[in-house]
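Report on the following structure.
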Amino acid sequence: MKKIILNFSTTLVGLLFIFSGLIKANDPLGFGYKLQEYFEVFHVTFLNDLAPAIAIVLCTLEMVFGALLFLGFWARKVSLGLLILIIFFTFLTFYSAFFEVVTSCGCFGDAIPLTPWQSFSKDLVLLVLIVFIYMNRDMIQPVIQSEKNRKLIFAAITFLALGFGLYTYNFLPVLDFLPYKIGSNIPKNMIAPAGAEPDLFEIIYQLKNKKTGEEKTMTDKEYLKSGIWKDSNWEVVGQPENKLIKKGYDIPIKDLKITDSQGTDYTAEIVENPYYNLVFVAYNLDKTNIEAMGQLNAIAMNAAENYNIRSVLLTSNSAEDAERFSKENNLVMEIFYADGVPLKSMVRANPGILLLKDGIVINKWHFNRMPSYQDLAGQYFNKNQ
């Protein structure tokens with residue numbers, strides 16, 4: 001029976017770690033953003049610039065450890081490594097849930113969003129399984145006996161795991177789970193569909209009797225039904241608390257607001273443009289790729305002159321910094337401003353490119369794989385005539 005439980009545990013934990021590492025390695029920059037939230041909480045923001053590298057390493061470790069456990073290779077070392085990882089992850093998810101500091105751990109990236117308590121519960125189950133595996137690690141037998149072949153397979157797994165994370169970081173996620181993925185209708189993603197249920201809240205009152213000192217906690221419905229509000233001896237103490245009872249429809253895009261330097265809202269004008277328009281996203285101009293910005297500038301100039309294509313640059317920098325950057329690099333595109341969070345979700349690159357038409361994301365590119373003006377004209381703009 002112990003052997004059966006052990007086989008089940010190693011298979012489940014191995015596959016889950018492979019999946020978890022793979023889904024995060026699909027979007028290491030997004031996982032890096034999540035790590036930066038933890039760095040803020042623990043006051044180690046000097047690691048922010050290293051977040052993408054740390055994300056890729058952690059994803060690689062998850063996939064490698066998961067695969068080695070599944071194959072039964074070097075069980076003593078692998079089970080110890082998994083135990084260290086899961087203790088670290090369990091601490092983070094518990095801290096996030098208990099102190100409500102990070103709303104989502106990013107355990108499975110944007111593919112499967114989990115609440116902090118769901119993440120902690122998942123890690124707690126894994127911790128129990130991994131402790132069991134560690135205690136019975138000597139019973140695990142490798143599927144391949146040859147040490148040389150095991151090392152070759154280990155090298156191949158490491159190469160593939162690390163290579164996948166580097167590939168998606170330097171280009172774009174293979175699978176895009178964000179609301180700005182190719183084919184998405186941005187205006188529709190910004191509103192709730194007809195009939196969608198909103199979040200359901202109840203108000204919690206803290207009451208105290210001025211004569212007896214007795215205290216009560218009541219919901220808004222109980223407060224009104226009981227008629228206690230008519231009794232002048234009872235008073236509400238502090239501010240009423242809004243408690244979420246039932247989660248309603250979650251609007252995919254709820255934080256996008258595009259403005260000019262004066263604060264005028266241009267969101268609808270830009271995202272609902274019925275014609276082809278190019279949106280260049282550089283959420284941080286201080287760290288953007290200058291060479292790529294020069295190439296985007298040339299594309300914007302040619303597209304405007306030959307096809308009257310509108311090109312805009314979205315950034316979260318201040319208007320003063322953006323104007324200075326524009327003058328230094330002789331930019332021809334219009335500059336607009338938005339919060340960094342939605343800009344990072346639009347495209348995992350700095351800068352990145354979105355081709356929009358009538359609110360739909362026609363295509364998107366990382367600056368390492370940007371199309372030429374000729375490619376855009378031949379594939380899209382010529383067909384718009």
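Chain identifiers are assigned as A, B, and so on, following the order in which chains appear in the structure tokens; residues are numbered from 1 within each chain, and ligands are numbered from 1 in order of appearance.
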So that I can see what lies close to stretch 115-128 of chain A, please list as a PDB file with N, CA and C atoms, in the first residue's frame the residues with an atom at most 12 Å from it, counting only C-alpha atoms and leaving out residues fewer than 3 positions away in the same chain.
```
ATOM      1  N   LEU A   6       3.098   5.934  -2.739  1.00  0.00           N
ATOM      2  CA  LEU A   6       4.318   6.613  -3.160  1.00  0.00           C
ATOM      3  C   LEU A   6       4.329   6.834  -4.666  1.00  0.00           C
ATOM      4  N   SER A   9       1.918   9.556  -5.474  1.00  0.00           N
ATOM      5  CA  SER A   9       2.424  10.861  -5.043  1.00  0.00           C
ATOM      6  C   SER A   9       3.507  11.382  -5.975  1.00  0.00           C
ATOM      7  N   THR A  10       4.450  10.519  -6.344  1.00  0.00           N
ATOM      8  CA  THR A  10       5.538  10.963  -7.222  1.00  0.00           C
ATOM      9  C   THR A  10       5.000  11.348  -8.607  1.00  0.00           C
ATOM     10  N   LEU A  12       1.841  12.385  -9.348  1.00  0.00           N
ATOM     11  CA  LEU A  12       1.034  13.602  -9.230  1.00  0.00           C
ATOM     12  C   LEU A  12       1.915  14.830  -9.026  1.00  0.00           C
ATOM     13  N   VAL A  13       2.842  14.740  -8.068  1.00  0.00           N
ATOM     14  CA  VAL A  13       3.705  15.887  -7.771  1.00  0.00           C
ATOM     15  C   VAL A  13       4.602  16.203  -8.966  1.00  0.00           C
ATOM     16  N   GLY A  14       5.150  15.176  -9.581  1.00  0.00           N
ATOM     17  CA  GLY A  14       6.017  15.393 -10.739  1.00  0.00           C
ATOM     18  C   GLY A  14       5.300  16.092 -11.871  1.00  0.00           C
ATOM     19  N   LEU A  15       4.128  15.595 -12.233  1.00  0.00           N
ATOM     20  CA  LEU A  15       3.371  16.199 -13.329  1.00  0.00           C
ATOM     21  C   LEU A  15       2.898  17.606 -12.976  1.00  0.00           C
ATOM     22  N   LEU A  16       2.507  17.808 -11.719  1.00  0.00           N
ATOM     23  CA  LEU A  16       2.022  19.127 -11.312  1.00  0.00           C
ATOM     24  C   LEU A  16       3.145  20.161 -11.353  1.00  0.00           C
ATOM     25  N   PHE A  17       4.343  19.766 -10.938  1.00  0.00           N
ATOM     26  CA  PHE A  17       5.473  20.695 -10.988  1.00  0.00           C
ATOM     27  C   PHE A  17       5.868  20.982 -12.435  1.00  0.00           C
ATOM     28  N   SER A  20       3.126  23.361 -13.689  1.00  0.00           N
ATOM     29  CA  SER A  20       3.244  24.674 -13.062  1.00  0.00           C
ATOM     30  C   SER A  20       4.428  25.447 -13.632  1.00  0.00           C
ATOM     31  N   SER A  79      14.066  14.941  -4.121  1.00  0.00           N
ATOM     32  CA  SER A  79      13.019  15.119  -3.104  1.00  0.00           C
ATOM     33  C   SER A  79      13.394  16.223  -2.123  1.00  0.00           C
ATOM     34  N   LEU A  80      14.685  16.365  -1.821  1.00  0.00           N
ATOM     35  CA  LEU A  80      15.129  17.452  -0.943  1.00  0.00           C
ATOM     36  C   LEU A  80      14.920  18.800  -1.635  1.00  0.00           C
ATOM     37  N   LEU A  82      12.739  19.510  -3.961  1.00  0.00           N
ATOM     38  CA  LEU A  82      11.299  19.780  -4.002  1.00  0.00           C
ATOM     39  C   LEU A  82      10.781  20.226  -2.646  1.00  0.00           C
ATOM     40  N   LEU A  83      11.303  19.636  -1.598  1.00  0.00           N
ATOM     41  CA  LEU A  83      10.868  20.003  -0.251  1.00  0.00           C
ATOM     42  C   LEU A  83      11.233  21.451   0.052  1.00  0.00           C
ATOM     43  N   ILE A  84      12.431  21.864  -0.334  1.00  0.00           N
ATOM     44  CA  ILE A  84      12.846  23.253  -0.122  1.00  0.00           C
ATOM     45  C   ILE A  84      11.963  24.203  -0.925  1.00  0.00           C
ATOM     46  N   LEU A  85      11.699  23.843  -2.184  1.00  0.00           N
ATOM     47  CA  LEU A  85      10.851  24.686  -3.036  1.00  0.00           C
ATOM     48  C   LEU A  85       9.443  24.830  -2.475  1.00  0.00           C
ATOM     49  N   ILE A  86       8.840  23.711  -2.055  1.00  0.00           N
ATOM     50  CA  ILE A  86       7.451  23.775  -1.610  1.00  0.00           C
ATOM     51  C   ILE A  86       7.325  24.492  -0.266  1.00  0.00           C
ATOM     52  N   ILE A  87       8.346  24.377   0.600  1.00  0.00           N
ATOM     53  CA  ILE A  87       8.322  25.138   1.853  1.00  0.00           C
ATOM     54  C   ILE A  87       8.374  26.631   1.548  1.00  0.00           C
ATOM     55  N   PHE A  88       9.211  27.006   0.593  1.00  0.00           N
ATOM     56  CA  PHE A  88       9.323  28.408   0.177  1.00  0.00           C
ATOM     57  C   PHE A  88       8.006  28.905  -0.403  1.00  0.00           C
ATOM     58  N   PHE A  89       7.411  28.124  -1.317  1.00  0.00           N
ATOM     59  CA  PHE A  89       6.150  28.527  -1.939  1.00  0.00           C
ATOM     60  C   PHE A  89       5.007  28.576  -0.926  1.00  0.00           C
ATOM     61  N   THR A  90       4.980  27.613  -0.004  1.00  0.00           N
ATOM     62  CA  THR A  90       3.917  27.575   1.001  1.00  0.00           C
ATOM     63  C   THR A  90       3.989  28.792   1.906  1.00  0.00           C
ATOM     64  N   PHE A  91       5.205  29.174   2.275  1.00  0.00           N
ATOM     65  CA  PHE A  91       5.369  30.382   3.099  1.00  0.00           C
ATOM     66  C   PHE A  91       4.847  31.610   2.362  1.00  0.00           C
ATOM     67  N   LEU A  92       5.209  31.739   1.088  1.00  0.00           N
ATOM     68  CA  LEU A  92       4.776  32.907   0.310  1.00  0.00           C
ATOM     69  C   LEU A  92       3.258  32.967   0.181  1.00  0.00           C
ATOM     70  N   THR A  93       2.637  31.826  -0.139  1.00  0.00           N
ATOM     71  CA  THR A  93       1.183  31.831  -0.331  1.00  0.00           C
ATOM     72  C   THR A  93       0.444  32.057   0.983  1.00  0.00           C
ATOM     73  N   PHE A  94       0.976  31.515   2.083  1.00  0.00           N
ATOM     74  CA  PHE A  94       0.355  31.772   3.386  1.00  0.00           C
ATOM     75  C   PHE A  94       0.470  33.251   3.745  1.00  0.00           C
ATOM     76  N   TYR A  95       1.638  33.809   3.531  1.00  0.00           N
ATOM     77  CA  TYR A  95       1.854  35.224   3.845  1.00  0.00           C
ATOM     78  C   TYR A  95       0.915  36.096   3.021  1.00  0.00           C
ATOM     79  N   SER A  96       0.781  35.758   1.734  1.00  0.00           N
ATOM     80  CA  SER A  96      -0.102  36.525   0.847  1.00  0.00           C
ATOM     81  C   SER A  96      -1.545  36.450   1.308  1.00  0.00           C
ATOM     82  N   ALA A  97      -1.978  35.222   1.681  1.00  0.00           N
ATOM     83  CA  ALA A  97      -3.375  35.025   2.072  1.00  0.00           C
ATOM     84  C   ALA A  97      -3.677  35.663   3.421  1.00  0.00           C
ATOM     85  N   PHE A  98      -2.801  35.439   4.388  1.00  0.00           N
ATOM     86  CA  PHE A  98      -3.072  35.896   5.753  1.00  0.00           C
ATOM     87  C   PHE A  98      -3.008  37.412   5.868  1.00  0.00           C
ATOM     88  N   PHE A  99      -2.017  38.013   5.218  1.00  0.00           N
ATOM     89  CA  PHE A  99      -1.835  39.461   5.335  1.00  0.00           C
ATOM     90  C   PHE A  99      -2.450  40.224   4.161  1.00  0.00           C
ATOM     91  N   GLU A 100      -3.037  39.484   3.202  1.00  0.00           N
ATOM     92  CA  GLU A 100      -3.731  40.077   2.055  1.00  0.00           C
ATOM     93  C   GLU A 100      -2.850  41.109   1.335  1.00  0.00           C
ATOM     94  N   VAL A 101      -1.625  40.678   0.997  1.00  0.00           N
ATOM     95  CA  VAL A 101      -0.677  41.608   0.374  1.00  0.00           C
ATOM     96  C   VAL A 101      -0.535  41.388  -1.128  1.00  0.00           C
ATOM     97  N   VAL A 102      -0.694  40.153  -1.597  1.00  0.00           N
ATOM     98  CA  VAL A 102      -0.624  39.856  -3.028  1.00  0.00           C
ATOM     99  C   VAL A 102      -1.884  39.069  -3.371  1.00  0.00           C
ATOM    100  N   THR A 103      -2.701  39.619  -4.258  1.00  0.00           N
ATOM    101  CA  THR A 103      -4.033  39.051  -4.492  1.00  0.00           C
ATOM    102  C   THR A 103      -4.015  37.749  -5.274  1.00  0.00           C
ATOM    103  N   SER A 104      -2.933  37.482  -5.997  1.00  0.00           N
ATOM    104  CA  SER A 104      -2.820  36.232  -6.741  1.00  0.00           C
ATOM    105  C   SER A 104      -1.365  35.824  -6.768  1.00  0.00           C
ATOM    106  N   CYS A 105      -1.094  34.563  -6.450  1.00  0.00           N
ATOM    107  CA  CYS A 105       0.299  34.131  -6.354  1.00  0.00           C
ATOM    108  C   CYS A 105       0.944  33.921  -7.712  1.00  0.00           C
ATOM    109  N   GLY A 106       0.135  33.734  -8.744  1.00  0.00           N
ATOM    110  CA  GLY A 106       0.694  33.453 -10.063  1.00  0.00           C
ATOM    111  C   GLY A 106       1.207  32.032 -10.196  1.00  0.00           C
ATOM    112  N   CYS A 107       0.705  31.117  -9.350  1.00  0.00           N
ATOM    113  CA  CYS A 107       1.189  29.729  -9.360  1.00  0.00           C
ATOM    114  C   CYS A 107       1.053  29.073 -10.727  1.00  0.00           C
ATOM    115  N   PHE A 108      -0.064  29.346 -11.390  1.00  0.00           N
ATOM    116  CA  PHE A 108      -0.294  28.812 -12.735  1.00  0.00           C
ATOM    117  C   PHE A 108      -0.443  29.947 -13.742  1.00  0.00           C
ATOM    118  N   GLY A 109       0.268  31.052 -13.490  1.00  0.00           N
ATOM    119  CA  GLY A 109       0.228  32.184 -14.392  1.00  0.00           C
ATOM    120  C   GLY A 109      -1.178  32.742 -14.523  1.00  0.00           C
ATOM    121  N   ASP A 110      -1.459  33.280 -15.699  1.00  0.00           N
ATOM    122  CA  ASP A 110      -2.789  33.818 -15.977  1.00  0.00           C
ATOM    123  C   ASP A 110      -3.726  32.752 -16.535  1.00  0.00           C
ATOM    124  N   ILE A 112      -4.658  29.829 -15.014  1.00  0.00           N
ATOM    125  CA  ILE A 112      -5.577  29.375 -13.967  1.00  0.00           C
ATOM    126  C   ILE A 112      -5.396  30.291 -12.755  1.00  0.00           C
ATOM    127  N   VAL A 131       6.530  15.749   1.664  1.00  0.00           N
ATOM    128  CA  VAL A 131       7.107  15.230   2.916  1.00  0.00           C
ATOM    129  C   VAL A 131       7.049  13.702   2.908  1.00  0.00           C
ATOM    130  N   PHE A 132       5.920  13.163   2.473  1.00  0.00           N
ATOM    131  CA  PHE A 132       5.784  11.701   2.373  1.00  0.00           C
ATOM    132  C   PHE A 132       6.815  11.132   1.391  1.00  0.00           C
ATOM    133  N   ILE A 133       6.977  11.800   0.252  1.00  0.00           N
ATOM    134  CA  ILE A 133       7.963  11.348  -0.734  1.00  0.00           C
ATOM    135  C   ILE A 133       9.365  11.403  -0.149  1.00  0.00           C
ATOM    136  N   TYR A 134       9.680  12.484   0.551  1.00  0.00           N
ATOM    137  CA  TYR A 134      11.015  12.641   1.132  1.00  0.00           C
ATOM    138  C   TYR A 134      11.295  11.559   2.178  1.00  0.00           C
ATOM    139  N   MET A 135      10.299  11.234   2.988  1.00  0.00           N
ATOM    140  CA  MET A 135      10.479  10.215   4.027  1.00  0.00           C
ATOM    141  C   MET A 135      10.657   8.823   3.430  1.00  0.00           C
ATOM    142  N   LYS A 247     -18.888  36.242  -5.774  1.00  0.00           N
ATOM    143  CA  LYS A 247     -18.164  36.882  -6.858  1.00  0.00           C
ATOM    144  C   LYS A 247     -19.000  36.863  -8.120  1.00  0.00           C
TER     145      LYS A 247
END
```
Exercise for the section: Could you give me, as a count of residues only, each residue of stretch 133-210 of chain A that DSSP assigns to strand (DSSP E) when run on this structure's backbone? Expected result: 10
Hey, what's within 9 Å of stretch 325-342 of chain A if we count only C-alpha atoms and toss same-chain stuff fewer than 4 positions away? As a CSV table (one decimal) with N, CA and C atoms, in the first residue's frame, please?
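The resulting file, result_38.csv, is reproduced below:
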```csv
chain,number,residue,atom,x,y,z
A,253,ILE,N,-11.1,43.6,-18.8
A,253,ILE,CA,-10.3,44.8,-18.9
A,253,ILE,C,-11.0,45.9,-18.1
A,254,LYS,N,-10.6,46.1,-16.9
A,254,LYS,CA,-11.3,47.1,-16.1
A,254,LYS,C,-10.4,48.3,-15.6
A,255,ASP,N,-9.2,48.3,-16.1
A,255,ASP,CA,-8.2,49.3,-15.6
A,255,ASP,C,-7.6,50.1,-16.7
A,256,LEU,N,-8.1,50.0,-17.9
A,256,LEU,CA,-7.5,50.7,-19.0
A,256,LEU,C,-8.1,52.1,-19.2
A,257,LYS,N,-7.3,53.1,-19.1
A,257,LYS,CA,-7.7,54.5,-19.4
A,257,LYS,C,-6.5,55.2,-20.0
A,258,ILE,N,-6.8,55.6,-21.3
A,258,ILE,CA,-5.7,56.3,-22.1
A,258,ILE,C,-6.0,57.8,-22.1
A,259,THR,N,-5.1,58.6,-21.7
A,259,THR,CA,-5.2,60.0,-21.7
A,259,THR,C,-4.1,60.7,-22.4
A,260,ASP,N,-4.3,62.0,-22.7
A,260,ASP,CA,-3.2,62.8,-23.2
A,260,ASP,C,-2.5,63.5,-22.0
A,261,SER,N,-1.6,64.3,-22.3
A,261,SER,CA,-0.8,64.9,-21.2
A,261,SER,C,-1.6,65.8,-20.3
A,263,GLY,N,-4.8,65.0,-19.4
A,263,GLY,CA,-5.7,64.1,-18.7
A,263,GLY,C,-7.0,63.9,-19.5
A,266,TYR,N,-8.8,59.5,-24.0
A,266,TYR,CA,-8.8,59.1,-25.4
A,266,TYR,C,-9.0,57.6,-25.6
A,280,PHE,N,2.0,51.3,-30.2
A,280,PHE,CA,3.3,50.9,-29.7
A,280,PHE,C,3.2,51.1,-28.2
A,283,TYR,N,5.9,50.7,-21.7
A,283,TYR,CA,5.4,51.1,-20.3
A,283,TYR,C,6.5,51.8,-19.5
A,284,ASN,N,7.8,51.6,-19.9
A,284,ASN,CA,8.9,52.3,-19.2
A,284,ASN,C,9.9,52.7,-20.2
A,285,LEU,N,9.8,54.0,-20.5
A,285,LEU,CA,10.7,54.6,-21.5
A,285,LEU,C,12.2,54.6,-21.1
A,286,ASP,N,12.4,54.6,-19.7
A,286,ASP,CA,13.7,54.6,-19.2
A,286,ASP,C,14.5,53.3,-19.5
A,290,ILE,N,16.1,51.3,-27.3
A,290,ILE,CA,16.2,52.5,-28.1
A,290,ILE,C,16.2,52.2,-29.6
A,293,MET,N,12.9,51.3,-30.8
A,293,MET,CA,12.0,52.5,-30.9
A,293,MET,C,12.3,53.3,-32.2
A,294,GLY,N,13.6,53.3,-32.6
A,294,GLY,CA,13.9,53.9,-33.9
A,294,GLY,C,13.3,53.2,-35.1
A,297,ASN,N,9.6,54.0,-35.1
A,297,ASN,CA,9.4,55.4,-35.6
A,297,ASN,C,9.4,55.4,-37.1
A,298,ALA,N,10.3,54.6,-37.7
A,298,ALA,CA,10.3,54.5,-39.2
A,298,ALA,C,9.0,53.9,-39.8
A,300,ALA,N,6.1,53.9,-38.3
A,300,ALA,CA,5.0,54.9,-38.1
A,300,ALA,C,5.0,56.0,-39.2
A,301,MET,N,6.2,56.4,-39.5
A,301,MET,CA,6.4,57.5,-40.5
A,301,MET,C,5.9,57.0,-41.9
A,310,ARG,N,-2.8,55.7,-38.4
A,310,ARG,CA,-2.5,56.4,-37.2
A,310,ARG,C,-1.6,55.5,-36.3
A,311,SER,N,-0.5,56.1,-35.7
A,311,SER,CA,0.3,55.4,-34.8
A,311,SER,C,0.4,56.1,-33.5
A,312,VAL,N,0.2,55.4,-32.4
A,312,VAL,CA,0.3,56.1,-31.1
A,312,VAL,C,1.3,55.3,-30.2
A,313,LEU,N,1.9,56.0,-29.3
A,313,LEU,CA,2.8,55.4,-28.3
A,313,LEU,C,2.1,55.5,-26.9
A,314,LEU,N,1.9,54.4,-26.2
A,314,LEU,CA,1.4,54.4,-24.9
A,314,LEU,C,2.5,54.1,-23.9
A,315,THR,N,2.5,54.9,-22.8
A,315,THR,CA,3.6,54.8,-21.8
A,315,THR,C,3.0,55.2,-20.5
A,316,SER,N,3.7,54.7,-19.4
A,316,SER,CA,3.3,55.1,-18.0
A,316,SER,C,4.2,56.1,-17.5
A,317,ASN,N,5.2,56.6,-18.3
A,317,ASN,CA,6.1,57.7,-17.8
A,317,ASN,C,5.3,59.0,-17.7
A,318,SER,N,5.9,59.9,-17.0
A,318,SER,CA,5.3,61.2,-16.9
A,318,SER,C,5.3,61.9,-18.2
A,319,ALA,N,4.4,62.9,-18.4
A,319,ALA,CA,4.4,63.6,-19.7
A,319,ALA,C,5.7,64.4,-19.9
A,320,GLU,N,6.3,64.9,-18.9
A,320,GLU,CA,7.6,65.6,-19.0
A,320,GLU,C,8.6,64.6,-19.6
A,321,ASP,N,8.7,63.5,-19.0
A,321,ASP,CA,9.7,62.5,-19.4
A,321,ASP,C,9.5,62.0,-20.8
A,346,MET,N,-0.9,44.3,-22.1
A,346,MET,CA,-1.1,44.4,-23.6
A,346,MET,C,-0.2,43.6,-24.4
```
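Neighbouring residues of A:Ala161 at 12 Å or closer, counting only C-alpha atoms and skipping chain neighbours under 6 positions away, are A:Ile18, A:Phe19, A:Gly21, A:Leu22, A:Ile23, A:Lys24, A:Ala25, A:Asn26, A:Pro28, A:Ile56, A:Val57, A:Leu58, A:Cys59, A:Thr60, A:Leu61, A:Glu62, A:Met63, A:Val64, A:Phe65, A:Gly66, A:Ala67, A:Phe154, A:Ala155, A:Tyr167, A:Thr168.
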Store the residues of this selection in a file with N, CA and C atoms, as a PDB file, in the first residue's frame.
```pdb
ATOM      1  N   ILE A  18       5.811  19.981 -13.284  1.00  0.00           N
ATOM      2  CA  ILE A  18       6.104  20.207 -14.707  1.00  0.00           C
ATOM      3  C   ILE A  18       5.101  21.194 -15.291  1.00  0.00           C
ATOM      4  N   PHE A  19       3.824  20.960 -15.007  1.00  0.00           N
ATOM      5  CA  PHE A  19       2.772  21.830 -15.534  1.00  0.00           C
ATOM      6  C   PHE A  19       2.905  23.247 -14.985  1.00  0.00           C
ATOM      7  N   GLY A  21       5.571  24.779 -13.757  1.00  0.00           N
ATOM      8  CA  GLY A  21       6.744  25.440 -14.321  1.00  0.00           C
ATOM      9  C   GLY A  21       6.547  25.810 -15.771  1.00  0.00           C
ATOM     10  N   LEU A  22       5.907  24.910 -16.522  1.00  0.00           N
ATOM     11  CA  LEU A  22       5.695  25.148 -17.951  1.00  0.00           C
ATOM     12  C   LEU A  22       4.752  26.315 -18.193  1.00  0.00           C
ATOM     13  N   ILE A  23       3.674  26.388 -17.426  1.00  0.00           N
ATOM     14  CA  ILE A  23       2.678  27.444 -17.650  1.00  0.00           C
ATOM     15  C   ILE A  23       3.242  28.805 -17.257  1.00  0.00           C
ATOM     16  N   LYS A  24       4.128  28.831 -16.252  1.00  0.00           N
ATOM     17  CA  LYS A  24       4.766  30.105 -15.878  1.00  0.00           C
ATOM     18  C   LYS A  24       5.886  30.453 -16.849  1.00  0.00           C
ATOM     19  N   ALA A  25       6.621  29.440 -17.324  1.00  0.00           N
ATOM     20  CA  ALA A  25       7.683  29.702 -18.297  1.00  0.00           C
ATOM     21  C   ALA A  25       7.115  30.179 -19.618  1.00  0.00           C
ATOM     22  N   ASN A  26       5.847  29.894 -19.871  1.00  0.00           N
ATOM     23  CA  ASN A  26       5.187  30.401 -21.063  1.00  0.00           C
ATOM     24  C   ASN A  26       5.113  31.938 -21.039  1.00  0.00           C
ATOM     25  N   PRO A  28       7.315  34.238 -18.689  1.00  0.00           N
ATOM     26  CA  PRO A  28       8.230  34.554 -17.580  1.00  0.00           C
ATOM     27  C   PRO A  28       8.235  36.022 -17.191  1.00  0.00           C
ATOM     28  N   ILE A  56      12.677  32.896 -14.651  1.00  0.00           N
ATOM     29  CA  ILE A  56      13.088  31.826 -15.578  1.00  0.00           C
ATOM     30  C   ILE A  56      13.778  30.697 -14.822  1.00  0.00           C
ATOM     31  N   VAL A  57      14.630  31.050 -13.860  1.00  0.00           N
ATOM     32  CA  VAL A  57      15.335  30.025 -13.074  1.00  0.00           C
ATOM     33  C   VAL A  57      14.348  29.205 -12.250  1.00  0.00           C
ATOM     34  N   LEU A  58      13.391  29.873 -11.593  1.00  0.00           N
ATOM     35  CA  LEU A  58      12.410  29.148 -10.782  1.00  0.00           C
ATOM     36  C   LEU A  58      11.553  28.223 -11.641  1.00  0.00           C
ATOM     37  N   CYS A  59      11.128  28.706 -12.807  1.00  0.00           N
ATOM     38  CA  CYS A  59      10.328  27.872 -13.712  1.00  0.00           C
ATOM     39  C   CYS A  59      11.136  26.658 -14.170  1.00  0.00           C
ATOM     40  N   THR A  60      12.403  26.884 -14.482  1.00  0.00           N
ATOM     41  CA  THR A  60      13.272  25.787 -14.919  1.00  0.00           C
ATOM     42  C   THR A  60      13.426  24.762 -13.809  1.00  0.00           C
ATOM     43  N   LEU A  61      13.644  25.229 -12.579  1.00  0.00           N
ATOM     44  CA  LEU A  61      13.789  24.308 -11.442  1.00  0.00           C
ATOM     45  C   LEU A  61      12.524  23.475 -11.253  1.00  0.00           C
ATOM     46  N   GLU A  62      11.364  24.119 -11.348  1.00  0.00           N
ATOM     47  CA  GLU A  62      10.105  23.385 -11.194  1.00  0.00           C
ATOM     48  C   GLU A  62       9.982  22.278 -12.240  1.00  0.00           C
ATOM     49  N   MET A  63      10.234  22.625 -13.496  1.00  0.00           N
ATOM     50  CA  MET A  63      10.093  21.635 -14.566  1.00  0.00           C
ATOM     51  C   MET A  63      11.122  20.520 -14.441  1.00  0.00           C
ATOM     52  N   VAL A  64      12.365  20.884 -14.115  1.00  0.00           N
ATOM     53  CA  VAL A  64      13.434  19.876 -14.009  1.00  0.00           C
ATOM     54  C   VAL A  64      13.179  18.950 -12.823  1.00  0.00           C
ATOM     55  N   PHE A  65      12.892  19.523 -11.653  1.00  0.00           N
ATOM     56  CA  PHE A  65      12.619  18.689 -10.476  1.00  0.00           C
ATOM     57  C   PHE A  65      11.403  17.796 -10.700  1.00  0.00           C
ATOM     58  N   GLY A  66      10.363  18.361 -11.313  1.00  0.00           N
ATOM     59  CA  GLY A  66       9.161  17.572 -11.580  1.00  0.00           C
ATOM     60  C   GLY A  66       9.447  16.404 -12.511  1.00  0.00           C
ATOM     61  N   ALA A  67      10.216  16.656 -13.578  1.00  0.00           N
ATOM     62  CA  ALA A  67      10.541  15.592 -14.538  1.00  0.00           C
ATOM     63  C   ALA A  67      11.433  14.532 -13.908  1.00  0.00           C
ATOM     64  N   PHE A 154      18.886  14.287 -18.164  1.00  0.00           N
ATOM     65  CA  PHE A 154      18.852  15.465 -17.287  1.00  0.00           C
ATOM     66  C   PHE A 154      19.311  16.717 -18.044  1.00  0.00           C
ATOM     67  N   ALA A 155      20.394  16.585 -18.797  1.00  0.00           N
ATOM     68  CA  ALA A 155      20.896  17.725 -19.571  1.00  0.00           C
ATOM     69  C   ALA A 155      19.875  18.168 -20.619  1.00  0.00           C
ATOM     70  N   TYR A 167      13.068  31.603 -24.657  1.00  0.00           N
ATOM     71  CA  TYR A 167      12.387  31.865 -25.928  1.00  0.00           C
ATOM     72  C   TYR A 167      11.169  32.764 -25.715  1.00  0.00           C
ATOM     73  N   THR A 168      10.321  32.400 -24.760  1.00  0.00           N
ATOM     74  CA  THR A 168       9.101  33.189 -24.539  1.00  0.00           C
ATOM     75  C   THR A 168       9.421  34.567 -23.979  1.00  0.00           C
TER      76      THR A 168
END
```
Fill in the blank from the handout: atom CA of A:Lys148 sits from atom CA of A:Phe70 at a separation of 18.1 Å
Fill in the blank from the handout: For A:Ile182, the closest of A:Ala377, A:Met370, A:Val361, A:Val281 counting only C-alpha atoms is A:Val361
Exercise for the section: Pick out the closest residue to A:Lys151 from this set: A:Leu354, A:Leu343, A:Ala194, A:Leu68. Count only C-alpha atoms. Expected result: A:Leu68
Practice task
Would you mind listing what lies within 10 Å of stretch 347-349 of chain A as a list in words, with only C-alpha atoms counted and same-chain residues fewer than 6 positions away left out?
Solution key: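 Here the answer would be Asp27, Pro28, Leu29, Gly30, Thr168, Tyr169, Asn170, Phe171, Leu172, Pro173, Asp176, Leu178, Tyr180, Lys181, Phe280, Val281, Ala282, Tyr283, Thr288, Asn289, Lys364, Trp365, His366, Phe367 and Asn368 of chain A.
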Got time to write the residues from that selection, C-alpha atoms, as a short mmCIF file (atom, residue, chain, number, x, y, z; two decimals), in the first residue's frame?
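And here is the file that came out, part28.cif:
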```
data_model
loop_
_atom_site.label_atom_id
_atom_site.label_comp_id
_atom_site.auth_asym_id
_atom_site.auth_seq_id
_atom_site.Cartn_x
_atom_site.Cartn_y
_atom_site.Cartn_z
CA ASP A 27 5.08 33.96 -19.67
CA PRO A 28 8.23 34.55 -17.58
CA LEU A 29 7.91 38.32 -17.81
CA GLY A 30 4.43 38.11 -16.31
CA THR A 168 9.10 33.19 -24.54
CA TYR A 169 10.90 35.99 -22.71
CA ASN A 170 12.69 37.17 -25.85
CA PHE A 171 9.69 36.83 -28.15
CA LEU A 172 6.16 36.42 -26.75
CA PRO A 173 4.20 33.74 -24.85
CA ASP A 176 -1.57 34.17 -24.57
CA LEU A 178 -4.42 37.81 -21.33
CA TYR A 180 -5.31 41.58 -25.17
CA LYS A 181 -4.49 38.38 -27.03
CA PHE A 280 3.29 50.95 -29.67
CA VAL A 281 3.54 50.07 -25.97
CA ALA A 282 6.56 51.15 -23.95
CA TYR A 283 5.41 51.10 -20.35
CA THR A 288 12.94 50.55 -23.39
CA ASN A 289 15.02 49.33 -26.33
CA LYS A 364 0.99 41.73 -31.84
CA TRP A 365 4.77 41.51 -31.79
CA HIS A 366 7.76 41.62 -29.47
CA PHE A 367 10.40 44.13 -30.53
CA ASN A 368 12.76 41.20 -31.18
#
```
